[in-house]
>>> print(open('work_20.cif').read())   # mmCIF, C-alpha atoms and all ligand atoms
data_target
#
loop_
_atom_site.label_atom_id
_atom_site.label_comp_id
_atom_site.auth_asym_id
_atom_site.auth_seq_id
_atom_site.Cartn_x
_atom_site.Cartn_y
_atom_site.Cartn_z
CA MET A 15 -58.06 156.40 -17.86
CA ASP A 16 -54.48 157.41 -17.20
CA HIS A 17 -52.48 159.19 -14.53
CA PHE A 18 -50.95 162.05 -16.50
CA HIS A 19 -52.42 165.38 -15.43
CA TYR A 20 -51.52 169.00 -14.77
CA GLN A 21 -50.94 170.18 -11.27
CA ASP A 22 -49.98 173.85 -10.88
CA ASP A 23 -49.42 173.98 -14.64
CA ARG A 24 -46.78 171.25 -14.52
CA LEU A 25 -47.59 167.97 -16.26
CA HIS A 26 -47.32 165.16 -13.72
CA CYS A 27 -47.09 161.41 -14.04
CA GLU A 28 -48.96 160.32 -10.91
CA GLU A 29 -47.42 162.51 -8.22
CA VAL A 30 -44.15 163.32 -9.96
CA ALA A 31 -43.65 166.39 -12.17
CA LEU A 32 -42.16 165.45 -15.54
CA ASP A 33 -39.82 168.47 -15.56
CA ARG A 34 -38.29 167.15 -12.35
CA ILE A 35 -37.55 163.82 -14.03
CA ALA A 36 -36.10 165.65 -17.05
CA GLU A 37 -33.78 167.51 -14.71
CA ALA A 38 -32.59 164.24 -13.19
CA VAL A 39 -32.26 161.97 -16.25
CA GLY A 40 -31.95 164.35 -19.21
CA THR A 41 -33.99 164.13 -22.42
CA PRO A 42 -35.41 162.41 -24.35
CA PHE A 43 -36.96 159.80 -22.08
CA PHE A 44 -40.05 157.63 -21.92
CA CYS A 45 -42.03 157.89 -18.72
CA TYR A 46 -44.50 155.18 -17.72
CA SER A 47 -47.11 155.30 -15.00
CA GLY A 48 -47.12 152.06 -13.00
CA LYS A 49 -50.57 152.83 -11.65
CA THR A 50 -51.97 153.26 -15.17
CA LEU A 51 -50.42 150.01 -16.39
CA ARG A 52 -51.91 148.12 -13.46
CA HIS A 53 -55.26 149.81 -13.86
CA HIS A 54 -55.43 148.95 -17.57
CA LEU A 55 -54.59 145.33 -16.87
CA ALA A 56 -57.14 145.09 -14.05
CA VAL A 57 -59.91 146.59 -16.20
CA PHE A 58 -59.14 144.12 -18.94
CA GLN A 59 -59.04 141.15 -16.57
CA GLN A 60 -62.28 142.21 -14.88
CA ALA A 61 -64.01 142.54 -18.24
CA PHE A 62 -63.48 138.82 -18.82
CA ALA A 63 -64.01 137.76 -15.20
CA LYS A 64 -67.14 135.80 -16.06
CA ALA A 65 -65.23 133.45 -18.37
CA LYS A 66 -62.30 131.08 -17.86
CA HIS A 67 -59.51 133.20 -19.28
CA LEU A 68 -55.85 134.19 -19.23
CA VAL A 69 -54.69 137.66 -20.23
CA CYS A 70 -51.34 137.27 -21.99
CA TYR A 71 -49.89 140.77 -22.38
CA SER A 72 -48.29 141.14 -25.79
CA VAL A 73 -44.64 141.71 -24.96
CA LYS A 74 -43.81 143.44 -28.23
CA ALA A 75 -45.86 146.50 -27.25
CA ASN A 76 -43.41 147.37 -24.50
CA SER A 77 -40.97 144.77 -23.35
CA ASN A 78 -39.08 146.53 -20.56
CA LEU A 79 -38.41 144.02 -17.77
CA ALA A 80 -39.81 146.33 -15.08
CA ILE A 81 -43.10 146.57 -16.96
CA LEU A 82 -43.30 142.81 -17.51
CA ASP A 83 -42.52 142.27 -13.84
CA LEU A 84 -45.23 144.71 -12.75
CA LEU A 85 -47.85 143.05 -14.93
CA ALA A 86 -46.80 139.52 -13.96
CA ARG A 87 -47.28 140.38 -10.28
CA ASP A 88 -50.89 141.24 -11.11
CA GLY A 89 -51.45 137.89 -12.78
CA ALA A 90 -50.64 138.57 -16.44
CA GLY A 91 -49.30 135.86 -18.70
CA PHE A 92 -47.40 136.77 -21.85
CA ASP A 93 -47.66 136.55 -25.61
CA ILE A 94 -44.16 136.32 -27.07
CA VAL A 95 -42.90 136.31 -30.65
CA SER A 96 -39.19 135.54 -30.39
CA GLY A 97 -36.49 133.81 -28.40
CA GLY A 98 -35.55 137.26 -27.14
CA GLU A 99 -38.99 137.84 -25.70
CA LEU A 100 -38.90 134.34 -24.18
CA GLU A 101 -35.67 135.32 -22.43
CA ARG A 102 -37.33 138.45 -21.07
CA VAL A 103 -40.26 136.59 -19.53
CA ARG A 104 -37.90 133.90 -18.25
CA ARG A 105 -35.88 136.58 -16.48
CA ILE A 106 -38.90 137.86 -14.61
CA GLY A 107 -39.71 134.31 -13.56
CA CYS A 108 -42.92 133.82 -15.55
CA PRO A 109 -43.95 130.15 -15.48
CA GLY A 110 -44.23 128.34 -18.82
CA HIS A 111 -47.94 127.68 -18.43
CA LYS A 112 -48.61 131.41 -18.77
CA ILE A 113 -46.79 131.87 -22.08
CA VAL A 114 -48.06 131.61 -25.64
CA PHE A 115 -45.70 131.88 -28.59
CA SER A 116 -46.96 133.62 -31.75
CA GLY A 117 -45.27 134.71 -34.98
CA VAL A 118 -44.84 133.51 -38.57
CA GLY A 119 -41.11 132.78 -38.55
CA LYS A 120 -40.16 130.79 -35.46
CA THR A 121 -36.66 129.35 -35.90
CA LYS A 122 -35.63 125.85 -34.82
CA GLU A 123 -33.63 127.30 -31.97
CA GLU A 124 -36.54 129.40 -30.75
CA ILE A 125 -38.89 126.41 -30.89
CA ARG A 126 -36.43 124.25 -28.96
CA GLN A 127 -36.00 126.90 -26.26
CA ALA A 128 -39.77 127.24 -25.89
CA LEU A 129 -40.23 123.45 -25.72
CA GLU A 130 -37.57 123.19 -23.06
CA TYR A 131 -39.19 125.99 -21.08
CA GLY A 132 -42.55 124.22 -21.30
CA ILE A 133 -44.76 127.00 -22.65
CA LEU A 134 -48.56 126.71 -22.68
CA MET A 135 -48.78 126.64 -26.47
CA PHE A 136 -47.40 127.59 -29.84
CA ASN A 137 -49.71 129.55 -32.09
CA VAL A 138 -48.81 127.80 -35.32
CA GLU A 139 -48.93 129.83 -38.52
CA SER A 140 -48.28 127.27 -41.28
CA ARG A 141 -48.12 123.61 -42.21
CA SER A 142 -44.31 123.75 -42.38
CA GLU A 143 -44.11 125.20 -38.89
CA LEU A 144 -46.42 122.49 -37.54
CA TYR A 145 -44.21 119.73 -38.95
CA ARG A 146 -41.07 121.47 -37.73
CA ILE A 147 -42.47 121.66 -34.19
CA ASP A 148 -43.49 117.98 -34.35
CA THR A 149 -39.96 116.94 -35.39
CA LEU A 150 -38.23 119.06 -32.76
CA ALA A 151 -40.59 117.89 -30.00
CA GLY A 152 -39.84 114.32 -31.08
CA GLU A 153 -36.11 114.94 -30.79
CA LEU A 154 -36.57 116.31 -27.29
CA GLY A 155 -38.93 113.48 -26.33
CA VAL A 156 -41.82 115.80 -25.48
CA ARG A 157 -45.24 116.66 -26.86
CA ALA A 158 -45.77 120.20 -28.06
CA SER A 159 -49.05 121.89 -27.25
CA VAL A 160 -50.31 123.91 -30.18
CA ALA A 161 -53.12 126.08 -31.42
CA LEU A 162 -53.47 126.74 -35.11
CA ARG A 163 -53.67 130.42 -35.99
CA ILE A 164 -56.51 130.77 -38.44
CA ASN A 165 -56.82 133.70 -40.79
CA PRO A 166 -60.57 134.41 -40.92
CA ASP A 167 -60.34 136.85 -43.86
CA VAL A 168 -62.09 139.69 -42.07
CA ASP A 169 -61.28 143.36 -42.67
CA PRO A 170 -60.27 145.02 -39.38
CA ASN A 171 -60.57 148.54 -40.89
CA THR A 172 -57.26 149.70 -39.54
CA HIS A 173 -54.00 150.95 -41.07
CA PRO A 174 -52.86 148.46 -43.78
CA HIS A 175 -49.50 147.95 -42.04
CA ILE A 176 -51.18 146.63 -38.89
CA SER A 177 -53.99 144.63 -40.45
CA THR A 178 -53.32 140.90 -40.22
CA GLY A 179 -56.60 139.04 -40.70
CA LEU A 180 -57.08 139.46 -44.44
CA LYS A 181 -56.40 136.79 -47.06
CA ARG A 182 -53.62 138.90 -48.55
CA ASN A 183 -51.75 139.18 -45.21
CA LYS A 184 -48.92 136.76 -44.43
CA PHE A 185 -50.51 135.69 -41.14
CA GLY A 186 -52.26 132.49 -40.15
CA ILE A 187 -53.60 129.48 -41.96
CA PRO A 188 -56.24 130.20 -44.60
CA TYR A 189 -59.71 129.54 -43.21
CA HIS A 190 -60.50 127.01 -45.91
CA ASN A 191 -57.38 124.92 -45.23
CA ALA A 192 -57.90 124.86 -41.48
CA LEU A 193 -59.93 121.67 -41.21
CA ASP A 194 -57.44 119.66 -43.27
CA LEU A 195 -54.52 120.87 -41.21
CA TYR A 196 -56.29 120.06 -37.93
CA ARG A 197 -56.90 116.52 -39.22
CA ASP A 198 -53.23 116.17 -40.14
CA ALA A 199 -52.08 117.64 -36.86
CA GLN A 200 -54.12 115.08 -34.97
CA ARG A 201 -52.06 112.32 -36.55
CA LEU A 202 -48.69 113.80 -35.53
CA SER A 203 -47.29 111.93 -32.59
CA HIS A 204 -45.53 114.85 -30.89
CA ILE A 205 -48.29 117.38 -31.26
CA GLN A 206 -51.05 117.95 -28.77
CA LEU A 207 -53.86 119.97 -30.30
CA LEU A 208 -54.96 122.39 -27.65
CA GLY A 209 -56.68 125.25 -29.35
CA LEU A 210 -57.35 127.74 -32.05
CA ASP A 211 -55.88 131.22 -32.36
CA CYS A 212 -56.92 134.29 -34.29
CA HIS A 213 -55.54 137.85 -34.35
CA ILE A 214 -56.88 140.14 -37.04
CA GLY A 215 -55.00 143.38 -36.52
CA SER A 216 -54.13 146.21 -34.19
CA GLN A 217 -55.72 149.54 -33.19
CA LEU A 218 -59.22 148.36 -34.07
CA THR A 219 -61.75 151.03 -33.21
CA THR A 220 -65.00 149.12 -33.77
CA LEU A 221 -66.22 145.78 -32.46
CA SER A 222 -67.80 144.31 -35.58
CA PRO A 223 -64.56 142.91 -37.11
CA PHE A 224 -63.82 141.10 -33.84
CA VAL A 225 -67.33 139.67 -33.72
CA ASP A 226 -67.35 138.71 -37.41
CA ALA A 227 -64.03 136.91 -37.01
CA LEU A 228 -65.21 135.14 -33.88
CA LYS A 229 -68.39 133.92 -35.58
CA ARG A 230 -66.39 132.37 -38.40
CA ILE A 231 -63.94 130.85 -35.95
CA LEU A 232 -66.68 129.34 -33.78
CA THR A 233 -68.22 127.64 -36.79
CA LEU A 234 -64.87 125.96 -37.23
CA VAL A 235 -64.64 125.06 -33.54
CA SER A 236 -68.04 123.35 -33.78
CA THR A 237 -67.07 121.44 -36.92
CA LEU A 238 -63.88 120.28 -35.26
CA LYS A 239 -65.78 119.07 -32.22
CA HIS A 240 -68.06 117.13 -34.53
CA GLU A 241 -65.02 115.52 -36.12
CA GLY A 242 -63.74 114.38 -32.74
CA ILE A 243 -61.21 117.20 -32.38
CA PRO A 244 -62.33 119.04 -29.25
CA LEU A 245 -60.39 122.18 -28.35
CA ALA A 246 -59.75 123.53 -24.87
CA TYR A 247 -58.38 127.01 -25.66
CA LEU A 248 -59.47 129.85 -27.87
CA ASP A 249 -56.88 132.60 -28.28
CA LEU A 250 -58.49 135.77 -29.62
CA GLY A 251 -55.27 137.76 -29.98
CA GLY A 252 -55.03 141.46 -29.21
CA GLY A 253 -55.95 144.48 -31.24
CA LEU A 254 -58.34 146.60 -29.21
CA GLY A 255 -57.62 150.24 -30.06
CA ILE A 256 -56.99 153.17 -27.74
CA PRO A 257 -57.91 156.86 -27.99
CA TYR A 258 -55.01 158.81 -29.50
CA ASP A 259 -57.01 161.96 -30.25
CA GLN A 260 -60.30 163.61 -29.37
CA SER A 261 -62.37 161.72 -31.97
CA ARG A 262 -64.85 159.05 -30.96
CA PRO A 263 -63.02 156.74 -28.56
CA PRO A 264 -62.72 153.02 -29.34
CA PRO A 265 -64.92 150.64 -27.33
CA LEU A 266 -63.88 150.00 -23.74
CA PRO A 267 -62.59 146.57 -22.67
CA ASP A 268 -65.94 145.94 -20.99
CA HIS A 269 -67.89 146.35 -24.23
CA TYR A 270 -65.31 144.38 -26.14
CA ALA A 271 -65.57 141.51 -23.65
CA SER A 272 -69.38 141.53 -23.59
CA ALA A 273 -69.57 141.39 -27.38
CA LEU A 274 -67.21 138.42 -27.48
CA LEU A 275 -68.69 136.57 -24.52
CA ARG A 276 -72.17 136.84 -26.03
CA GLU A 277 -70.97 134.78 -29.02
CA LEU A 278 -69.20 132.31 -26.78
CA ASP A 279 -72.25 131.33 -24.80
CA GLY A 280 -72.53 127.53 -24.76
CA PHE A 281 -68.88 126.90 -25.68
CA ASP A 282 -66.63 125.38 -23.05
CA LEU A 283 -63.39 127.12 -23.94
CA THR A 284 -60.67 128.84 -21.93
CA LEU A 285 -60.06 132.21 -23.51
CA ILE A 286 -56.66 133.70 -24.09
CA LEU A 287 -56.41 137.42 -24.81
CA GLU A 288 -53.24 139.11 -26.03
CA PRO A 289 -53.70 142.85 -25.42
CA GLY A 290 -50.68 145.07 -25.90
CA ARG A 291 -51.54 148.63 -26.80
CA VAL A 292 -54.59 148.87 -24.59
CA ILE A 293 -52.42 148.08 -21.56
CA ALA A 294 -49.32 150.13 -22.33
CA GLY A 295 -50.22 152.78 -24.93
CA ASN A 296 -51.69 155.50 -22.77
CA ALA A 297 -49.54 154.54 -19.80
CA GLY A 298 -46.50 156.25 -21.32
CA VAL A 299 -45.28 159.56 -22.72
CA LEU A 300 -42.12 160.57 -24.52
CA VAL A 301 -40.59 163.69 -23.01
CA THR A 302 -38.37 165.73 -25.28
CA ARG A 303 -36.79 169.20 -25.27
CA VAL A 304 -37.15 171.85 -27.95
CA GLU A 305 -33.70 172.42 -29.41
CA TYR A 306 -34.56 175.00 -32.04
CA ILE A 307 -37.46 176.86 -33.52
CA LYS A 308 -37.14 177.80 -37.13
CA ASP A 309 -39.29 179.48 -39.73
CA ASN A 310 -39.02 178.37 -43.33
CA GLU A 311 -41.16 180.43 -45.69
CA ASP A 312 -44.62 180.11 -44.20
CA LYS A 313 -43.94 177.18 -41.90
CA ARG A 314 -42.72 177.06 -38.32
CA PHE A 315 -40.76 174.01 -37.23
CA ILE A 316 -40.32 172.98 -33.61
CA ILE A 317 -37.17 170.86 -33.62
CA THR A 318 -36.94 168.46 -30.69
CA ASP A 319 -34.16 166.27 -29.31
CA ALA A 320 -36.28 163.12 -29.87
CA GLY A 321 -36.71 161.79 -33.37
CA MET A 322 -38.29 159.07 -35.44
CA ASN A 323 -35.66 156.66 -34.10
CA ASP A 324 -37.27 157.09 -30.66
CA LEU A 325 -40.91 157.00 -31.78
CA MET A 326 -41.44 155.88 -35.33
CA ARG A 327 -45.23 155.56 -35.36
CA PRO A 328 -45.90 158.93 -37.07
CA ALA A 329 -43.34 158.15 -39.79
CA LEU A 330 -44.51 154.59 -40.29
CA TYR A 331 -48.29 154.88 -39.97
CA ASP A 332 -48.87 158.61 -40.16
CA ALA A 333 -50.03 158.11 -36.58
CA TYR A 334 -51.45 160.92 -34.45
CA HIS A 335 -49.93 161.52 -31.02
CA GLY A 336 -51.13 164.28 -28.72
CA ILE A 337 -48.49 166.86 -27.76
CA GLN A 338 -48.56 168.90 -24.57
CA PRO A 339 -46.23 171.37 -22.88
CA VAL A 340 -44.63 169.87 -19.78
CA VAL A 341 -44.85 173.29 -18.12
CA ARG A 342 -47.80 175.49 -19.09
CA ARG A 343 -47.12 179.20 -19.03
CA PHE A 344 -49.91 181.62 -18.35
CA GLY A 345 -51.43 182.99 -21.53
CA MET A 346 -49.43 180.79 -23.92
CA GLU A 347 -50.58 181.72 -27.41
CA GLU A 348 -51.36 179.02 -29.94
CA GLU A 349 -49.85 178.61 -33.38
CA VAL A 350 -49.81 176.08 -36.21
CA VAL A 351 -46.49 174.24 -36.35
CA ASP A 352 -44.70 171.07 -37.39
CA VAL A 353 -42.99 169.24 -34.54
CA VAL A 354 -39.99 167.43 -36.00
CA GLY A 355 -36.92 165.52 -34.88
CA PRO A 356 -33.24 165.95 -35.73
CA ILE A 357 -33.05 163.02 -38.17
CA CYS A 358 -32.11 163.45 -41.80
CA GLU A 359 -35.47 162.38 -43.21
CA SER A 360 -38.56 164.40 -44.00
CA GLY A 361 -40.60 161.58 -42.44
CA ASP A 362 -39.07 162.49 -39.09
CA PHE A 363 -42.01 164.26 -37.49
CA PHE A 364 -44.32 163.99 -34.48
CA ALA A 365 -46.99 166.40 -35.70
CA ARG A 366 -47.72 168.30 -38.87
CA ASN A 367 -49.72 171.51 -39.22
CA ARG A 368 -50.86 171.13 -35.62
CA LEU A 369 -52.32 173.94 -33.54
CA LEU A 370 -50.20 173.90 -30.38
CA PRO A 371 -49.23 176.27 -27.57
CA ALA A 372 -46.39 178.53 -28.72
CA PHE A 373 -43.27 176.75 -27.51
CA SER A 374 -39.90 178.41 -26.92
CA GLU A 375 -36.45 176.95 -27.37
CA GLY A 376 -35.54 174.92 -24.28
CA ASP A 377 -39.16 174.02 -23.43
CA LEU A 378 -40.08 170.45 -22.64
CA LEU A 379 -42.93 168.75 -24.40
CA ALA A 380 -44.67 165.44 -23.87
CA VAL A 381 -45.66 163.22 -26.78
CA ARG A 382 -48.66 161.33 -25.42
CA SER A 383 -49.73 157.70 -25.92
CA SER A 384 -46.14 156.55 -26.42
CA GLY A 385 -46.15 153.63 -24.00
CA ALA A 386 -46.85 150.99 -26.66
CA TYR A 387 -44.73 150.52 -29.78
CA GLY A 388 -42.59 153.48 -28.77
CA PHE A 389 -39.37 152.32 -27.15
CA SER A 390 -39.90 148.75 -28.38
CA MET A 391 -39.68 149.93 -32.01
CA SER A 392 -36.93 152.47 -31.43
CA SER A 393 -33.60 152.22 -33.22
CA ASN A 394 -30.12 153.69 -33.36
CA TYR A 395 -30.68 155.36 -36.72
CA ASN A 396 -28.29 158.31 -37.19
CA THR A 397 -26.14 156.70 -34.45
CA ARG A 398 -28.43 157.99 -31.75
CA PRO A 399 -28.25 156.17 -28.42
CA ARG A 400 -31.68 154.97 -27.38
CA ALA A 401 -33.64 157.03 -24.89
CA ALA A 402 -33.88 156.36 -21.16
CA GLU A 403 -37.00 154.78 -19.69
CA VAL A 404 -38.45 155.81 -16.36
CA MET A 405 -41.28 154.38 -14.29
CA VAL A 406 -43.30 156.32 -11.76
CA GLN A 407 -45.18 154.76 -8.88
CA GLY A 408 -46.95 157.24 -6.65
CA ASP A 409 -44.46 159.91 -5.57
CA ARG A 410 -41.38 157.91 -6.59
CA PHE A 411 -39.68 157.41 -9.92
CA ALA A 412 -36.91 155.10 -11.05
CA ILE A 413 -34.88 154.65 -14.20
CA ILE A 414 -35.91 151.27 -15.62
CA ARG A 415 -33.53 151.50 -18.59
CA ARG A 416 -30.50 153.72 -18.57
CA ARG A 417 -29.91 155.95 -21.54
CA GLU A 418 -27.71 154.02 -23.93
CA THR A 419 -24.14 155.27 -24.18
CA LEU A 420 -22.12 155.64 -27.35
CA ASP A 421 -19.73 152.97 -26.07
CA GLU A 422 -22.60 150.50 -25.74
CA LEU A 423 -23.91 151.48 -29.13
CA LEU A 424 -20.56 150.90 -30.87
CA HIS A 425 -19.49 147.95 -28.74
CA ASN A 426 -20.03 145.21 -31.35
CA GLU A 427 -18.42 146.91 -34.32
CA ILE A 428 -15.03 145.68 -35.50
CA LEU A 429 -12.63 147.18 -38.02
CA PHE A 430 -11.77 144.84 -40.89
CA PRO A 431 -8.44 143.25 -39.93
N1 LIG B 1 -51.09 139.23 -30.73
C1 LIG B 1 -50.46 139.18 -31.91
C2 LIG B 1 -50.30 137.90 -32.57
C3 LIG B 1 -49.97 140.36 -32.50
O1 LIG B 1 -49.37 140.30 -33.69
C4 LIG B 1 -50.13 141.61 -31.84
C5 LIG B 1 -49.61 142.84 -32.42
C6 LIG B 1 -50.77 141.60 -30.59
C7 LIG B 1 -51.24 140.41 -30.07
C8 LIG B 1 -50.98 142.86 -29.79
O2 LIG B 1 -51.81 143.74 -30.47
P1 LIG B 1 -52.34 145.08 -29.75
O3 LIG B 1 -53.26 144.67 -28.64
O4 LIG B 1 -51.17 145.82 -29.25
O5 LIG B 1 -53.04 145.81 -30.83
N2 LIG B 1 -46.33 148.70 -34.38
C9 LIG B 1 -47.76 148.88 -34.59
C10 LIG B 1 -48.57 147.77 -34.01
C11 LIG B 1 -48.16 146.41 -34.49
C12 LIG B 1 -48.95 145.31 -33.86
C13 LIG B 1 -48.34 143.98 -34.15
N3 LIG B 1 -49.01 142.89 -33.55
C14 LIG B 1 -48.16 150.24 -34.07
O6 LIG B 1 -47.33 150.96 -33.54
O7 LIG B 1 -49.31 150.63 -34.22
#
>>> encode(input="work_20.cif", output="structure tokens")
Amino acid sequence: MDHFHYQDDRLHCEEVALDRIAEAVGTPFFCYSGKTLRHHLAVFQQAFAKAKHLVCYSVKANSNLAILDLLARDGAGFDIVSGGELERVRRIGCPGHKIVFSGVGKTKEEIRQALEYGILMFNVESRSELYRIDTLAGELGVRASVALRINPDVDPNTHPHISTGLKRNKFGIPYHNALDLYRDAQRLSHIQLLGLDCHIGSQLTTLSPFVDALKRILTLVSTLKHEGIPLAYLDLGGGLGIPYDQSRPPPLPDHYASALLRELDGFDLTLILEPGRVIAGNAGVLVTRVEYIKDNEDKRFIITDAGMNDLMRPALYDAYHGIQPVVRRFGMEEEVVDVVGPICESGDFFARNRLLPAFSEGDLLAVRSSGAYGFSMSSNYNTRPRAAEVMVQGDRFAIIRRRETLDELLHNEILFP
């Protein structure tokens, strides 16, 4: 459920009309609904209420400080993947014991910073990383808490670019090497083995891959217990999909939680969940203005002032995003069009051959489901300053990231002396 709806033919975010925000901040901009973000987090937390758990929002989905702050106030912890993301959660005052650190390429500096901050645990992705963490913890005179990220070799049935739990993916420790590495880890003097971690992919629309992965993982947990390596935490990653279109919606957090908790009966483990998209995805839209409409042969192109540098999901994954007029006019005809950006690439599109209301030049349109992996993946390609970000709460809105200026964009560039 989200809080974007029409009122008197004007698309609103909560109680604020999007055309009013466009007037005030210009276009393009991302607009997030605070109420929707909080609602999504609450639903997710409630779904797991029966179990000991910590929801660690995956910062990469949308890392704006105002969003992290909002979620932290409602009890969220965080899943980070870089020193940069650690700095973000530090700035909103998140305590170390609510932070897990994932990712295949943690640098020495990043590991040191996380050790100094005292995070809950590292999700370790390789033998080399485990030994590196042991050495660095030794140098700092501390013990590092770790989980090993195990790759269960389960097909998540999602886009190949966002599938992570298959043997051929770079992620995690191969299932069959896991036991050996746990035994080794137990002997390392600056490692404290706390748990096991598993994340198989993103935008999963069925539950069976999650359940299959969990079954494999729990077999391992039992074997480890038998070997005298009891674990306290089980991190099940993120990955639950969201509805982007009108097709059959993915399972709700409640069903997802029930399916997992059923398998976990009898295990004394604290669960960690790392949802990203399901919290932020449908809590945000990208608002853009139609610059031009042009007809080439038998195709009509709607050219907007936002491009693939602002929202690259269609270009990268051929992803579907709903598109709606910000102001509906009575009797708007429909026509089949391509909605494209201004960037010099044919992959710069938001929709292709889509039946949409007939837009005019100057109209505003909203690209739905842009709250996750929208701004956080945006770039300056074509020397385009990044879009503004706005948050709405009730009848108020605030800019939570100013539109980047050209001066800021060019600030670090230096002519060769
Ligand atoms: N945990 C780990 C270790 C992850 O790698 C990810 C996402 C998550 C949690 C959060 O997954 P979520 O709940 O959001 O599915 N840019 C792509 C998605 C990449 C996901 C990367 N990892 C997209 O726009 O679809």
>>> residues_around(input="work_20.cif", residues="region 206-209 of chain A", least_positions_apart="3", cutoff="7 Å", atoms="only C-alpha atoms", output="PyMOL selection string")
chain A and resi 157-162+200+245-248
>>> closest_atom_pairs(input="work_20.cif", of="chain A", to="ligand LIG 1 (chain B)", cutoff="8 Å", atoms="all atoms listed in the file", output="CSV")
residue,atom,partner,partner_atom,distance
A:Tyr71,CA,B:LIG1,C8,7.8
A:Ser72,CA,B:LIG1,C8,5.1
A:Lys74,CA,B:LIG1,C5,7.2
A:Ala75,CA,B:LIG1,O4,5.7
A:Asp93,CA,B:LIG1,N1,6.7
A:Val95,CA,B:LIG1,C2,7.8
A:Ser116,CA,B:LIG1,C2,5.5
A:Gly117,CA,B:LIG1,C2,6.4
A:His175,CA,B:LIG1,C9,7.7
A:Ile176,CA,B:LIG1,C11,5.3
A:Thr178,CA,B:LIG1,O1,7.7
A:Cys212,CA,B:LIG1,C2,7.7
A:His213,CA,B:LIG1,C2,5.5
A:Gly215,CA,B:LIG1,O5,6.5
A:Ser216,CA,B:LIG1,O5,3.6
A:Gln217,CA,B:LIG1,O5,5.2
A:Leu218,CA,B:LIG1,O5,7.4
A:Gly251,CA,B:LIG1,N1,4.5
A:Gly252,CA,B:LIG1,O3,3.7
A:Gly253,CA,B:LIG1,O5,3.2
A:Leu254,CA,B:LIG1,O3,5.5
A:Gly255,CA,B:LIG1,O5,6.4
A:Leu287,CA,B:LIG1,C7,8.0
A:Glu288,CA,B:LIG1,C7,4.7
A:Pro289,CA,B:LIG1,O3,3.7
A:Gly290,CA,B:LIG1,O4,3.5
A:Arg291,CA,B:LIG1,O4,3.7
A:Val292,CA,B:LIG1,O3,6.0
A:Ile293,CA,B:LIG1,O3,7.9
A:Met326,CA,B:LIG1,O6,7.9
A:Arg327,CA,B:LIG1,O6,5.4
A:Tyr331,CA,B:LIG1,O7,7.2
A:Ala333,CA,B:LIG1,O7,7.9
A:Ala386,CA,B:LIG1,O6,6.9
A:Tyr387,CA,B:LIG1,O6,4.6
A:Gly388,CA,B:LIG1,O6,7.2
A:Met391,CA,B:LIG1,N2,7.2
>>> closest_residue(input="work_20.cif", among="A:Ser77, A:Arg126, A:Cys45, A:Ile414", to="Ser390 (chain A)", atoms="all atoms listed in the file")
A:Ser77
>>> closest_residue(input="work_20.cif", among="A:Leu25, A:Leu300, A:Ala56, A:Val225", to="Val404 (chain A)", atoms="all atoms listed in the file")
A:Leu300
>>> closest_residue(input="work_20.cif", among="A:Tyr270, A:Phe136, A:Phe281, A:Tyr395", to="Asn323 (chain A)", atoms="all atoms listed in the file")
A:Tyr395
>>> closest_residue(input="work_20.cif", among="A:Glu375, A:Asp249, A:Asp279, A:Glu403", to="Lys308 (chain A)", atoms="only C-alpha atoms")
A:Glu375
>>> atom_distance(input="work_20.cif", atom1="CA of Glu422 (chain A)", atom2="CA of Pro399 (chain A)")
8.4 Å
>>> closest_residue(input="work_20.cif", among="A:Asp22, A:Asp226, A:Asp194, A:Asp148", to="Glu241 (chain A)", atoms="only C-alpha atoms")
A:Asp194
>>> residues_near_point(input="work_20.cif", point="(-41.3, 130.1, -15.3)", cutoff="12 Å", atoms="all atoms listed in the file", output="ChimeraX atom specification")
/A:86,91-92,100-113,128,130-134
>>> residues_around(input="work_20.cif", residues="Gln407 (chain A)", least_positions_apart="4", cutoff="7 Å", atoms="only C-alpha atoms", output="PyMOL selection string")
chain A and resi 47-49+411
>>> write_last_selection(input="work_20.cif", atoms="C-alpha atoms", output="PDB file, keeping the file's coordinate frame")
ATOM      1  CA  SER A  47     -47.110 155.300 -15.000  1.00  0.00           C
ATOM      2  CA  GLY A  48     -47.120 152.060 -13.000  1.00  0.00           C
ATOM      3  CA  LYS A  49     -50.570 152.830 -11.650  1.00  0.00           C
ATOM      4  CA  PHE A 411     -39.680 157.410  -9.920  1.00  0.00           C
TER       5      PHE A 411
END
>>> residues_around(input="work_20.cif", residues="Asn396 (chain A)", least_positions_apart="5", cutoff="12 Å", atoms="only C-alpha atoms", output="MDAnalysis selection string")
chainID A and resid 320:324 355:359 362 420 423
>>> write_last_selection(input="work_20.cif", atoms="C-alpha atoms", output="mmCIF file, keeping the file's coordinate frame")
data_model
loop_
_atom_site.group_PDB
_atom_site.id
_atom_site.type_symbol
_atom_site.label_atom_id
_atom_site.label_comp_id
_atom_site.auth_asym_id
_atom_site.auth_seq_id
_atom_site.Cartn_x
_atom_site.Cartn_y
_atom_site.Cartn_z
ATOM 1 C CA ALA A 320 -36.280 163.120 -29.870
ATOM 2 C CA GLY A 321 -36.710 161.790 -33.370
ATOM 3 C CA MET A 322 -38.290 159.070 -35.440
ATOM 4 C CA ASN A 323 -35.660 156.660 -34.100
ATOM 5 C CA ASP A 324 -37.270 157.090 -30.660
ATOM 6 C CA GLY A 355 -36.920 165.520 -34.880
ATOM 7 C CA PRO A 356 -33.240 165.950 -35.730
ATOM 8 C CA ILE A 357 -33.050 163.020 -38.170
ATOM 9 C CA CYS A 358 -32.110 163.450 -41.800
ATOM 10 C CA GLU A 359 -35.470 162.380 -43.210
ATOM 11 C CA ASP A 362 -39.070 162.490 -39.090
ATOM 12 C CA LEU A 420 -22.120 155.640 -27.350
ATOM 13 C CA LEU A 423 -23.910 151.480 -29.130
#
